[in-house]
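Peer 1: Data: upload.pdb, PDB, C-alpha atoms, pLDDT in the B column.
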ATOM      1  CA  MET F 299       0.366   5.296 -34.068  1.00 78.00           C
ATOM      2  CA  THR F 300      -0.908   1.970 -32.740  1.00 87.00           C
ATOM      3  CA  ILE F 301      -0.767   0.619 -29.202  1.00 90.00           C
ATOM      4  CA  ARG F 302      -1.327  -2.812 -27.679  1.00 91.00           C
ATOM      5  CA  LEU F 303      -4.911  -3.228 -26.537  1.00 93.00           C
ATOM      6  CA  HIS F 304      -4.098  -4.245 -22.956  1.00 92.00           C
ATOM      7  CA  LYS F 305      -1.794  -1.236 -22.572  1.00 87.00           C
ATOM      8  CA  PHE F 306      -4.514   1.093 -23.872  1.00 90.00           C
ATOM      9  CA  ILE F 307      -6.967  -0.283 -21.283  1.00 90.00           C
ATOM     10  CA  ALA F 308      -4.382   0.165 -18.525  1.00 84.00           C
ATOM     11  CA  ASN F 309      -3.542   3.696 -19.651  1.00 81.00           C
ATOM     12  CA  ALA F 310      -7.241   4.530 -19.471  1.00 82.00           C
ATOM     13  CA  GLY F 311      -7.188   3.616 -15.796  1.00 76.00           C
ATOM     14  CA  ILE F 312      -9.517   0.630 -16.136  1.00 83.00           C
ATOM     15  CA  ALA F 313      -7.122  -1.956 -14.718  1.00 81.00           C
ATOM     16  CA  SER F 314      -3.480  -2.962 -14.545  1.00 79.00           C
ATOM     17  CA  ARG F 315      -1.940  -4.446 -17.692  1.00 82.00           C
ATOM     18  CA  ARG F 316      -2.136  -7.967 -16.304  1.00 82.00           C
ATOM     19  CA  LYS F 317      -5.789  -7.506 -15.337  1.00 85.00           C
ATOM     20  CA  ALA F 318      -6.460  -5.969 -18.756  1.00 89.00           C
ATOM     21  CA  GLU F 319      -5.034  -9.110 -20.368  1.00 91.00           C
ATOM     22  CA  GLN F 320      -7.399 -11.172 -18.230  1.00 91.00           C
ATOM     23  CA  LEU F 321     -10.360  -9.015 -19.315  1.00 92.00           C
ATOM     24  CA  ILE F 322      -9.429  -9.724 -22.941  1.00 94.00           C
ATOM     25  CA  SER F 323      -9.114 -13.464 -22.292  1.00 93.00           C
ATOM     26  CA  ASP F 324     -12.490 -13.470 -20.514  1.00 93.00           C
ATOM     27  CA  GLY F 325     -14.210 -11.985 -23.564  1.00 93.00           C
ATOM     28  CA  LYS F 326     -14.983  -8.653 -21.910  1.00 93.00           C
ATOM     29  CA  VAL F 327     -13.373  -6.446 -24.581  1.00 95.00           C
ATOM     30  CA  THR F 328     -14.564  -5.396 -28.036  1.00 95.00           C
ATOM     31  CA  VAL F 329     -12.937  -3.204 -30.670  1.00 95.00           C
ATOM     32  CA  ASN F 330     -15.261  -1.543 -33.171  1.00 94.00           C
ATOM     33  CA  GLY F 331     -17.960  -3.980 -32.122  1.00 93.00           C
ATOM     34  CA  HIS F 332     -15.830  -7.105 -32.610  1.00 94.00           C
ATOM     35  CA  LEU F 333     -15.011  -9.345 -29.666  1.00 94.00           C
ATOM     36  CA  ILE F 334     -11.241  -9.552 -29.109  1.00 93.00           C
ATOM     37  CA  SER F 335      -9.595 -12.541 -27.442  1.00 90.00           C
ATOM     38  CA  LEU F 336      -6.108 -12.406 -28.976  1.00 90.00           C
ATOM     39  CA  GLN F 337      -3.428 -10.996 -26.700  1.00 91.00           C
ATOM     40  CA  GLY F 338      -1.123  -8.459 -28.318  1.00 89.00           C
ATOM     41  CA  THR F 339      -3.815  -6.999 -30.567  1.00 93.00           C
ATOM     42  CA  GLN F 340      -2.821  -3.553 -31.791  1.00 94.00           C
ATOM     43  CA  ILE F 341      -5.324  -0.697 -31.978  1.00 92.00           C
ATOM     44  CA  ASP F 342      -5.302   2.919 -33.097  1.00 91.00           C
ATOM     45  CA  PRO F 343      -6.481   4.924 -30.073  1.00 87.00           C
ATOM     46  CA  GLU F 344      -7.472   7.821 -32.339  1.00 86.00           C
ATOM     47  CA  THR F 345      -9.933   5.883 -34.486  1.00 91.00           C
ATOM     48  CA  ASP F 346     -10.765   2.520 -32.867  1.00 93.00           C
ATOM     49  CA  LYS F 347     -13.679   2.230 -30.413  1.00 93.00           C
ATOM     50  CA  VAL F 348     -12.786   0.054 -27.435  1.00 94.00           C
ATOM     51  CA  ARG F 349     -15.397  -1.164 -24.985  1.00 94.00           C
ATOM     52  CA  VAL F 350     -14.898  -3.087 -21.731  1.00 94.00           C
ATOM     53  CA  ASN F 351     -18.029  -4.771 -20.396  1.00 92.00           C
ATOM     54  CA  GLY F 352     -19.944  -2.727 -22.946  1.00 92.00           C
ATOM     55  CA  LYS F 353     -18.650   0.642 -21.762  1.00 91.00           C
ATOM     56  CA  LEU F 354     -16.679   2.864 -24.117  1.00 92.00           C
ATOM     57  CA  VAL F 355     -13.080   3.361 -23.017  1.00 89.00           C
ATOM     58  CA  SER F 356     -11.337   6.666 -23.582  1.00 82.00           C
ATOM     59  CA  ILE F 357      -8.122   8.115 -22.266  1.00 76.00           C
ATOM     60  CA  VAL F 358      -8.711  11.347 -20.408  1.00 68.00           C
ATOM     61  CA  PRO F 359      -5.429  12.975 -19.374  1.00 63.00           C
ATOM     62  CA  GLN F 360      -4.964  12.456 -15.651  1.00 69.00           C
ATOM     63  CA  GLU F 361      -2.109  13.182 -13.326  1.00 78.00           C
ATOM     64  CA  PRO F 362      -0.682   9.857 -12.124  1.00 83.00           C
ATOM     65  CA  VAL F 363      -1.533   9.267  -8.477  1.00 89.00           C
ATOM     66  CA  ALA F 364      -1.141   6.397  -6.032  1.00 93.00           C
ATOM     67  CA  TYR F 365      -2.556   5.644  -2.601  1.00 95.00           C
ATOM     68  CA  ALA F 366      -1.662   3.203   0.146  1.00 96.00           C
ATOM     69  CA  LEU F 367      -4.798   1.506   1.495  1.00 97.00           C
ATOM     70  CA  TYR F 368      -5.015  -0.660   4.591  1.00 98.00           C
ATOM     71  CA  LYS F 369      -7.347  -3.370   3.286  1.00 97.00           C
ATOM     72  CA  PRO F 370      -9.442  -4.766   6.142  1.00 97.00           C
ATOM     73  CA  LYS F 371     -10.055  -8.458   6.645  1.00 95.00           C
ATOM     74  CA  ASN F 372     -13.161  -9.997   5.076  1.00 95.00           C
ATOM     75  CA  CYS F 373     -13.041  -7.651   2.100  1.00 95.00           C
ATOM     76  CA  VAL F 374     -12.544  -8.628  -1.552  1.00 94.00           C
ATOM     77  CA  THR F 375      -9.901  -6.977  -3.740  1.00 92.00           C
ATOM     78  CA  THR F 376     -12.302  -6.238  -6.578  1.00 85.00           C
ATOM     79  CA  LEU F 377     -14.315  -3.237  -7.709  1.00 81.00           C
ATOM     80  CA  MET F 378     -17.577  -5.181  -7.430  1.00 81.00           C
ATOM     81  CA  ASP F 379     -18.682  -8.506  -6.008  1.00 86.00           C
ATOM     82  CA  PRO F 380     -21.691 -10.510  -7.282  1.00 86.00           C
ATOM     83  CA  GLN F 381     -21.988 -12.125  -3.844  1.00 90.00           C
ATOM     84  CA  GLY F 382     -22.524  -8.749  -2.211  1.00 89.00           C
ATOM     85  CA  ARG F 383     -19.447  -8.926  -0.001  1.00 93.00           C
ATOM     86  CA  ASP F 384     -17.542  -5.895   1.208  1.00 94.00           C
ATOM     87  CA  THR F 385     -15.174  -4.599  -1.515  1.00 94.00           C
ATOM     88  CA  ILE F 386     -12.183  -2.278  -1.463  1.00 94.00           C
ATOM     89  CA  VAL F 387     -14.207   0.345  -3.338  1.00 92.00           C
ATOM     90  CA  ASN F 388     -15.897   1.141  -0.022  1.00 93.00           C
ATOM     91  CA  TYR F 389     -12.525   2.375   1.259  1.00 94.00           C
ATOM     92  CA  PHE F 390     -11.319   4.308  -1.776  1.00 92.00           C
ATOM     93  CA  PRO F 391     -10.292   7.937  -1.162  1.00 91.00           C
ATOM     94  CA  LYS F 392     -12.696  10.639  -2.301  1.00 86.00           C
ATOM     95  CA  THR F 393     -11.071  11.643  -5.578  1.00 79.00           C
ATOM     96  CA  SER F 394     -12.114  12.217  -9.173  1.00 67.00           C
ATOM     97  CA  GLN F 395      -9.333   9.891 -10.341  1.00 77.00           C
ATOM     98  CA  ARG F 396     -10.342   6.440 -11.571  1.00 80.00           C
ATOM     99  CA  LEU F 397      -8.359   4.113  -9.322  1.00 87.00           C
ATOM    100  CA  PHE F 398      -7.743   0.374  -9.433  1.00 87.00           C
ATOM    101  CA  PRO F 399      -5.839  -1.999  -7.126  1.00 90.00           C
ATOM    102  CA  VAL F 400      -2.343  -3.267  -7.875  1.00 88.00           C
ATOM    103  CA  GLY F 401      -2.335  -7.006  -7.246  1.00 84.00           C
ATOM    104  CA  ARG F 402      -4.619  -8.520  -4.648  1.00 87.00           C
ATOM    105  CA  LEU F 403      -4.950  -9.771  -1.105  1.00 92.00           C
ATOM    106  CA  ASP F 404      -7.034 -12.761  -0.056  1.00 93.00           C
ATOM    107  CA  TYR F 405     -10.513 -12.109   1.340  1.00 94.00           C
ATOM    108  CA  ASP F 406      -9.426 -12.941   4.884  1.00 94.00           C
ATOM    109  CA  ALA F 407      -5.997 -11.266   4.601  1.00 96.00           C
ATOM    110  CA  GLU F 408      -5.357  -7.650   5.544  1.00 97.00           C
ATOM    111  CA  GLY F 409      -2.785  -4.955   5.034  1.00 97.00           C
ATOM    112  CA  LEU F 410      -1.186  -2.796   2.378  1.00 97.00           C
ATOM    113  CA  LEU F 411      -2.804  -2.500  -1.024  1.00 96.00           C
ATOM    114  CA  ILE F 412      -1.650   0.092  -3.548  1.00 95.00           C
ATOM    115  CA  LEU F 413      -4.289   1.936  -5.562  1.00 94.00           C
ATOM    116  CA  THR F 414      -3.382   3.923  -8.664  1.00 91.00           C
ATOM    117  CA  ASN F 415      -4.605   5.245 -12.007  1.00 86.00           C
ATOM    118  CA  ASP F 416      -1.192   4.617 -13.592  1.00 85.00           C
ATOM    119  CA  GLY F 417      -1.041   1.402 -15.628  1.00 79.00           C
ATOM    120  CA  ASP F 418       2.733   1.557 -16.047  1.00 80.00           C
ATOM    121  CA  LEU F 419       3.301   1.918 -12.303  1.00 84.00           C
ATOM    122  CA  ALA F 420       0.922  -0.972 -11.626  1.00 84.00           C
ATOM    123  CA  ASN F 421       2.755  -3.203 -14.089  1.00 81.00           C
ATOM    124  CA  ARG F 422       6.124  -2.303 -12.583  1.00 81.00           C
ATOM    125  CA  ILE F 423       4.938  -3.229  -9.091  1.00 82.00           C
ATOM    126  CA  ALA F 424       2.983  -6.378  -9.881  1.00 78.00           C
ATOM    127  CA  HIS F 425       5.173  -8.206 -12.397  1.00 72.00           C
ATOM    128  CA  PRO F 426       7.535 -10.719 -10.713  1.00 66.00           C
ATOM    129  CA  SER F 427      10.306  -9.875 -13.193  1.00 70.00           C
ATOM    130  CA  GLN F 428      10.602  -6.456 -11.531  1.00 71.00           C
ATOM    131  CA  HIS F 429      11.806  -8.035  -8.262  1.00 76.00           C
ATOM    132  CA  ILE F 430       9.718  -5.922  -5.895  1.00 87.00           C
ATOM    133  CA  TRP F 431       9.617  -7.520  -2.448  1.00 91.00           C
ATOM    134  CA  LYS F 432       6.259  -7.681  -0.654  1.00 93.00           C
ATOM    135  CA  GLN F 433       6.520  -8.298   3.090  1.00 96.00           C
ATOM    136  CA  TYR F 434       3.943  -9.960   5.326  1.00 97.00           C
ATOM    137  CA  PHE F 435       3.414 -10.793   8.981  1.00 97.00           C
ATOM    138  CA  VAL F 436       2.206 -14.397   9.023  1.00 98.00           C
ATOM    139  CA  LYS F 437       0.803 -16.476  11.887  1.00 98.00           C
ATOM    140  CA  ILE F 438       0.668 -20.238  11.398  1.00 97.00           C
ATOM    141  CA  LYS F 439      -0.621 -23.087  13.529  1.00 97.00           C
ATOM    142  CA  GLY F 440       2.154 -25.245  14.941  1.00 97.00           C
ATOM    143  CA  LYS F 441       5.784 -24.727  15.933  1.00 96.00           C
ATOM    144  CA  ILE F 442       7.705 -24.616  12.693  1.00 96.00           C
ATOM    145  CA  THR F 443      11.253 -25.985  12.694  1.00 94.00           C
ATOM    146  CA  PRO F 444      14.379 -24.227  11.334  1.00 94.00           C
ATOM    147  CA  GLU F 445      14.799 -27.125   8.900  1.00 93.00           C
ATOM    148  CA  GLU F 446      11.309 -26.594   7.513  1.00 93.00           C
ATOM    149  CA  ILE F 447      11.911 -22.857   7.167  1.00 94.00           C
ATOM    150  CA  ASN F 448      15.102 -23.477   5.201  1.00 92.00           C
ATOM    151  CA  ARG F 449      13.326 -25.918   2.915  1.00 89.00           C
ATOM    152  CA  ILE F 450      10.569 -23.418   2.136  1.00 89.00           C
ATOM    153  CA  ARG F 451      13.061 -20.580   1.597  1.00 89.00           C
ATOM    154  CA  SER F 452      14.667 -22.366  -1.339  1.00 84.00           C
ATOM    155  CA  GLY F 453      11.460 -22.217  -3.347  1.00 78.00           C
ATOM    156  CA  PRO F 454       8.135 -23.784  -2.337  1.00 77.00           C
ATOM    157  CA  VAL F 455       6.368 -26.222  -4.642  1.00 77.00           C
ATOM    158  CA  ILE F 456       2.831 -24.959  -5.319  1.00 81.00           C
ATOM    159  CA  ASP F 457       0.405 -26.704  -7.673  1.00 79.00           C
ATOM    160  CA  GLY F 458       3.234 -28.938  -8.863  1.00 79.00           C
ATOM    161  CA  LYS F 459       5.561 -26.072  -9.802  1.00 80.00           C
ATOM    162  CA  THR F 460       8.639 -24.847  -7.966  1.00 79.00           C
ATOM    163  CA  ARG F 461       8.191 -21.150  -7.228  1.00 81.00           C
ATOM    164  CA  GLN F 462      10.708 -18.377  -6.672  1.00 81.00           C
ATOM    165  CA  PRO F 463      12.722 -18.440  -3.415  1.00 83.00           C
ATOM    166  CA  VAL F 464      11.150 -16.596  -0.492  1.00 90.00           C
ATOM    167  CA  LYS F 465      12.583 -14.862   2.520  1.00 94.00           C
ATOM    168  CA  ILE F 466      11.395 -16.063   5.929  1.00 96.00           C
ATOM    169  CA  ARG F 467      12.356 -14.585   9.282  1.00 96.00           C
ATOM    170  CA  PHE F 468      11.181 -16.322  12.431  1.00 97.00           C
ATOM    171  CA  LEU F 469       9.807 -13.954  15.077  1.00 97.00           C
ATOM    172  CA  HIS F 470       8.527 -16.015  18.011  1.00 96.00           C
ATOM    173  CA  PHE F 471       6.213 -18.743  19.262  1.00 96.00           C
ATOM    174  CA  VAL F 472       2.963 -17.933  21.055  1.00 94.00           C
ATOM    175  CA  ASN F 473       1.692 -21.141  22.613  1.00 94.00           C
ATOM    176  CA  ASP F 474       1.347 -23.579  19.681  1.00 95.00           C
ATOM    177  CA  LYS F 475       1.541 -20.889  16.993  1.00 97.00           C
ATOM    178  CA  SER F 476       4.474 -19.441  15.033  1.00 97.00           C
ATOM    179  CA  TRP F 477       4.873 -15.814  13.958  1.00 98.00           C
ATOM    180  CA  LEU F 478       6.992 -15.107  10.875  1.00 98.00           C
ATOM    181  CA  VAL F 479       7.931 -12.361   8.444  1.00 98.00           C
ATOM    182  CA  VAL F 480       7.538 -13.674   4.887  1.00 96.00           C
ATOM    183  CA  SER F 481       8.816 -11.763   1.833  1.00 94.00           C
ATOM    184  CA  LEU F 482       7.732 -12.599  -1.727  1.00 91.00           C
ATOM    185  CA  GLN F 483       8.584 -11.275  -5.172  1.00 86.00           C
ATOM    186  CA  GLU F 484       6.055 -13.555  -6.817  1.00 81.00           C
ATOM    187  CA  GLY F 485       2.372 -13.491  -5.953  1.00 75.00           C
ATOM    188  CA  ILE F 486       0.141 -16.338  -7.086  1.00 82.00           C
ATOM    189  CA  LYS F 487      -3.327 -16.960  -5.684  1.00 83.00           C
ATOM    190  CA  HIS F 488      -3.189 -18.179  -2.067  1.00 88.00           C
ATOM    191  CA  HIS F 489       0.621 -18.202  -2.305  1.00 90.00           C
ATOM    192  CA  ILE F 490       1.378 -18.025   1.422  1.00 93.00           C
ATOM    193  CA  LYS F 491      -1.483 -20.313   2.450  1.00 93.00           C
ATOM    194  CA  LYS F 492      -0.504 -23.014  -0.028  1.00 91.00           C
ATOM    195  CA  THR F 493       3.176 -22.714   0.855  1.00 90.00           C
ATOM    196  CA  PHE F 494       2.752 -23.405   4.557  1.00 93.00           C
ATOM    197  CA  LEU F 495      -0.196 -25.789   4.306  1.00 91.00           C
ATOM    198  CA  ALA F 496       1.922 -28.028   2.057  1.00 87.00           C
ATOM    199  CA  ALA F 497       4.453 -28.171   4.891  1.00 89.00           C
ATOM    200  CA  GLY F 498       1.729 -29.030   7.419  1.00 92.00           C
ATOM    201  CA  TYR F 499       1.160 -25.583   8.920  1.00 95.00           C
ATOM    202  CA  PRO F 500      -2.276 -23.980   8.361  1.00 96.00           C
ATOM    203  CA  VAL F 501      -2.110 -20.204   8.051  1.00 97.00           C
ATOM    204  CA  LEU F 502      -4.156 -18.296  10.608  1.00 97.00           C
ATOM    205  CA  LYS F 503      -3.332 -14.687   9.746  1.00 97.00           C
ATOM    206  CA  ILE F 504      -1.733 -12.704   6.908  1.00 97.00           C
ATOM    207  CA  LYS F 505      -0.954  -8.993   7.078  1.00 97.00           C
ATOM    208  CA  ARG F 506       1.027  -7.285   4.310  1.00 97.00           C
ATOM    209  CA  TYR F 507       2.906  -4.307   5.671  1.00 96.00           C
ATOM    210  CA  SER F 508       5.138  -3.206   2.796  1.00 96.00           C
ATOM    211  CA  VAL F 509       5.539  -3.270  -0.993  1.00 94.00           C
ATOM    212  CA  GLY F 510       9.059  -2.240  -1.909  1.00 92.00           C
ATOM    213  CA  ASN F 511       9.657   1.002  -0.041  1.00 94.00           C
ATOM    214  CA  ILE F 512       5.927   1.716   0.476  1.00 95.00           C
ATOM    215  CA  GLU F 513       4.737   0.941   4.004  1.00 95.00           C
ATOM    216  CA  LEU F 514       1.489   1.001   5.960  1.00 94.00           C
ATOM    217  CA  LEU F 515       2.983   3.337   8.567  1.00 91.00           C
ATOM    218  CA  GLU F 516       0.257   4.413  11.014  1.00 91.00           C
ATOM    219  CA  LEU F 517      -2.747   3.462   8.883  1.00 96.00           C
ATOM    220  CA  SER F 518      -5.637   1.609  10.519  1.00 96.00           C
ATOM    221  CA  PRO F 519      -7.895  -0.870   8.681  1.00 97.00           C
ATOM    222  CA  GLY F 520      -9.945   0.955   6.056  1.00 96.00           C
ATOM    223  CA  GLU F 521      -7.752   4.064   6.021  1.00 96.00           C
ATOM    224  CA  CYS F 522      -5.599   5.275   3.141  1.00 95.00           C
ATOM    225  CA  ARG F 523      -2.952   7.885   2.440  1.00 95.00           C
ATOM    226  CA  GLN F 524      -1.645   9.379  -0.768  1.00 95.00           C
ATOM    227  CA  ILE F 525       1.791   8.103  -1.710  1.00 95.00           C
ATOM    228  CA  SER F 526       4.243  10.945  -2.229  1.00 93.00           C
ATOM    229  CA  LYS F 527       6.027  11.572  -5.507  1.00 90.00           C
ATOM    230  CA  THR F 528       9.318  10.871  -3.737  1.00 93.00           C
ATOM    231  CA  GLU F 529       8.066   7.452  -2.622  1.00 93.00           C
ATOM    232  CA  ILE F 530       6.884   6.662  -6.150  1.00 89.00           C
ATOM    233  CA  GLU F 531      10.213   7.736  -7.662  1.00 89.00           C
ATOM    234  CA  THR F 532      12.072   5.513  -5.189  1.00 90.00           C
ATOM    235  CA  LEU F 533       9.764   2.601  -6.005  1.00 87.00           C
ATOM    236  CA  MET F 534      10.328   3.072  -9.724  1.00 84.00           C
ATOM    237  CA  GLN F 535      14.073   3.061  -9.117  1.00 84.00           C
ATOM    238  CA  LEU F 536      13.711  -0.303  -7.350  1.00 81.00           C
ATOM    239  CA  THR F 537      12.045  -1.776 -10.430  1.00 75.00           C
ATOM    240  CA  ARG F 538      15.042  -0.820 -12.528  1.00 60.00           C
ATOM    241  CA  SER F 539      17.606  -2.427 -10.228  1.00 51.00           C
TER     242      SER F 539
END
Go through the file and emit its structure as structure tokens.

Peer 2:
Amino acid sequence: MTIRLHKFIANAGIASRRKAEQLISDGKVTVNGHLISLQGTQIDPETDKVRVNGKLVSIVPQEPVAYALYKPKNCVTTLMDPQGRDTIVNYFPKTSQRLFPVGRLDYDAEGLLILTNDGDLANRIAHPSQHIWKQYFVKIKGKITPEEINRIRSGPVIDGKTRQPVKIRFLHFVNDKSWLVVSLQEGIKHHIKKTFLAAGYPVLKIKRYSVGNIELLELSPGECRQISKTEIETLMQLTRS
């Protein structure tokens, strides 16, 4: 029985399916010694030898697990950083499971990041077609107007493309700054920053506090907790709605 290459990599706990596709595009994946760049390539996991960054990939049966991590500010959402910056690996729980992050948060953003070894769960959470809301506390410079909020809600234009509608709830002003709750189903690079900067409001702080039904709760920066099976089941139900 064959399987798509990116799914095999995700099932092995190397990365989410979307990240696995990126690894293939970046020329990081070989099959039987041949560099693979074509998405959708089928392999036989019983006979084909897959390597990512030169390391042999194999699927060792693991119980699916997931953790909620409070990513600190000034930390990159990668497993390694050539610039030597702080990475989320330094805050991973002590477990024998091979974990990877679902999605990302900007270097200077903080808050909830889900870690898992389950490629299917990661794909369900991260893909915008699954309609999982991610909620953020956002502080911007300037006193934003109700008219501007309504305009952004309908779908911000980022990099020349109209994006999915967003939810915005105004909280309060503090001096010349506005505090908001922003909810996204889509998550492109620098999504929130680009959205508000285009409207003339530089973003000063971003803190993600929930993904679907998963919340930070009482976690402090750098701490993590295992997500219960009940929480995961509820989250999976949300992806099917």

Peer 1: I'd like to know which of F:Thr339, F:Thr443, F:Thr376, F:Gln483 is closest to F:His425, using all atoms listed in the file.

Peer 2: F:Gln483

Peer 1: Please determine, counting all atoms listed in the file, which residue among F:Tyr389, F:Arg451, F:Lys492, F:Ser356 has the shortest atom-to-atom distance to F:Pro370.

Peer 2: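 Smallest separation from F:Pro370 among the options: F:Tyr389.
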
Peer 1: Report as an mmCIF file with C-alpha atoms, keeping the file's coordinate frame the residues that result from applying the PyMOL selection byres ((chain F and resi 420) around 9) to the structure here.

Peer 2:
data_model
loop_
_atom_site.group_PDB
_atom_site.id
_atom_site.type_symbol
_atom_site.label_atom_id
_atom_site.label_comp_id
_atom_site.auth_asym_id
_atom_site.auth_seq_id
_atom_site.Cartn_x
_atom_site.Cartn_y
_atom_site.Cartn_z
ATOM 1 C CA ALA F 308 -4.382 0.165 -18.525
ATOM 2 C CA ALA F 313 -7.122 -1.956 -14.718
ATOM 3 C CA SER F 314 -3.480 -2.962 -14.545
ATOM 4 C CA ARG F 315 -1.940 -4.446 -17.692
ATOM 5 C CA ARG F 316 -2.136 -7.967 -16.304
ATOM 6 C CA PRO F 399 -5.839 -1.999 -7.126
ATOM 7 C CA VAL F 400 -2.343 -3.267 -7.875
ATOM 8 C CA GLY F 401 -2.335 -7.006 -7.246
ATOM 9 C CA ILE F 412 -1.650 0.092 -3.548
ATOM 10 C CA LEU F 413 -4.289 1.936 -5.562
ATOM 11 C CA THR F 414 -3.382 3.923 -8.664
ATOM 12 C CA ASN F 415 -4.605 5.245 -12.007
ATOM 13 C CA ASP F 416 -1.192 4.617 -13.592
ATOM 14 C CA GLY F 417 -1.041 1.402 -15.628
ATOM 15 C CA ASP F 418 2.733 1.557 -16.047
ATOM 16 C CA LEU F 419 3.301 1.918 -12.303
ATOM 17 C CA ASN F 421 2.755 -3.203 -14.089
ATOM 18 C CA ARG F 422 6.124 -2.303 -12.583
ATOM 19 C CA ILE F 423 4.938 -3.229 -9.091
ATOM 20 C CA ALA F 424 2.983 -6.378 -9.881
ATOM 21 C CA HIS F 425 5.173 -8.206 -12.397
#

Peer 1: Which residue gives the smallest distance to F:Ile438 among F:Cys373, F:Val472, F:Leu514, F:Leu502, with only C-alpha atoms counted?

Peer 2: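 Of F:Cys373, F:Val472, F:Leu514, F:Leu502, the one nearest F:Ile438, counting only C-alpha atoms, is F:Leu502.
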
Peer 1: Under the rule that all atoms listed in the file are counted, which of F:Gln535, F:Ser481, F:Thr345, F:Asn351 is the nearest residue to F:Lys505?

Peer 2: F:Ser481

Peer 1: Please indicate the distance in Å from atom CA of F:Gln337 to atom CA of F:Lys432, rounded to one decimal place.

Peer 2: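 So the two atoms, atom CA of F:Gln337 and atom CA of F:Lys432, lie 28.0 Å apart.
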
Peer 1: Could you expand the PyMOL selection byres ((chain F and resi 328-334) around 10) into the explicit residues it covers here, written as an NGL selection string?

Peer 2: :F and (303 or 321-327 or 335-337 or 339 or 341 or 345-354)

Peer 1: Just C-alpha atoms for this one: save the residues we selected as a PDB file, in the coordinates of the input.

Peer 2:
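The new file result-v9.pdb reads:
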ATOM      1  CA  LEU F 303      -4.911  -3.228 -26.537  1.00 93.00           C
ATOM      2  CA  LEU F 321     -10.360  -9.015 -19.315  1.00 92.00           C
ATOM      3  CA  ILE F 322      -9.429  -9.724 -22.941  1.00 94.00           C
ATOM      4  CA  SER F 323      -9.114 -13.464 -22.292  1.00 93.00           C
ATOM      5  CA  ASP F 324     -12.490 -13.470 -20.514  1.00 93.00           C
ATOM      6  CA  GLY F 325     -14.210 -11.985 -23.564  1.00 93.00           C
ATOM      7  CA  LYS F 326     -14.983  -8.653 -21.910  1.00 93.00           C
ATOM      8  CA  VAL F 327     -13.373  -6.446 -24.581  1.00 95.00           C
ATOM      9  CA  SER F 335      -9.595 -12.541 -27.442  1.00 90.00           C
ATOM     10  CA  LEU F 336      -6.108 -12.406 -28.976  1.00 90.00           C
ATOM     11  CA  GLN F 337      -3.428 -10.996 -26.700  1.00 91.00           C
ATOM     12  CA  THR F 339      -3.815  -6.999 -30.567  1.00 93.00           C
ATOM     13  CA  ILE F 341      -5.324  -0.697 -31.978  1.00 92.00           C
ATOM     14  CA  THR F 345      -9.933   5.883 -34.486  1.00 91.00           C
ATOM     15  CA  ASP F 346     -10.765   2.520 -32.867  1.00 93.00           C
ATOM     16  CA  LYS F 347     -13.679   2.230 -30.413  1.00 93.00           C
ATOM     17  CA  VAL F 348     -12.786   0.054 -27.435  1.00 94.00           C
ATOM     18  CA  ARG F 349     -15.397  -1.164 -24.985  1.00 94.00           C
ATOM     19  CA  VAL F 350     -14.898  -3.087 -21.731  1.00 94.00           C
ATOM     20  CA  ASN F 351     -18.029  -4.771 -20.396  1.00 92.00           C
ATOM     21  CA  GLY F 352     -19.944  -2.727 -22.946  1.00 92.00           C
ATOM     22  CA  LYS F 353     -18.650   0.642 -21.762  1.00 91.00           C
ATOM     23  CA  LEU F 354     -16.679   2.864 -24.117  1.00 92.00           C
TER      24      LEU F 354
END

Peer 1: Output stretch 382-391 of chain F as a CSV table (one decimal), in the frame of the given file, making sure N, CA and C atoms are there.

Peer 2:
chain,number,residue,atom,x,y,z
F,382,GLY,N,-22.1,-9.8,-3.1
F,382,GLY,CA,-22.5,-8.7,-2.2
F,382,GLY,C,-21.6,-8.6,-1.0
F,383,ARG,N,-20.4,-9.1,-1.1
F,383,ARG,CA,-19.4,-8.9,0.0
F,383,ARG,C,-18.8,-7.5,0.0
F,384,ASP,N,-18.2,-7.2,1.1
F,384,ASP,CA,-17.5,-5.9,1.2
F,384,ASP,C,-16.4,-5.9,0.2
F,385,THR,N,-16.3,-4.7,-0.5
F,385,THR,CA,-15.2,-4.6,-1.5
F,385,THR,C,-14.3,-3.4,-1.2
F,386,ILE,N,-13.1,-3.4,-1.8
F,386,ILE,CA,-12.2,-2.3,-1.5
F,386,ILE,C,-12.7,-0.9,-1.9
F,387,VAL,N,-13.7,-0.9,-2.9
F,387,VAL,CA,-14.2,0.3,-3.3
F,387,VAL,C,-14.8,1.2,-2.2
F,388,ASN,N,-15.3,0.5,-1.2
F,388,ASN,CA,-15.9,1.1,0.0
F,388,ASN,C,-14.9,1.9,0.8
F,389,TYR,N,-13.6,1.7,0.5
F,389,TYR,CA,-12.5,2.4,1.3
F,389,TYR,C,-11.7,3.3,0.4
F,390,PHE,N,-12.1,3.4,-0.9
F,390,PHE,CA,-11.3,4.3,-1.8
F,390,PHE,C,-11.4,5.8,-1.3
F,391,PRO,N,-10.3,6.5,-1.5
F,391,PRO,CA,-10.3,7.9,-1.2
F,391,PRO,C,-11.3,8.7,-2.0
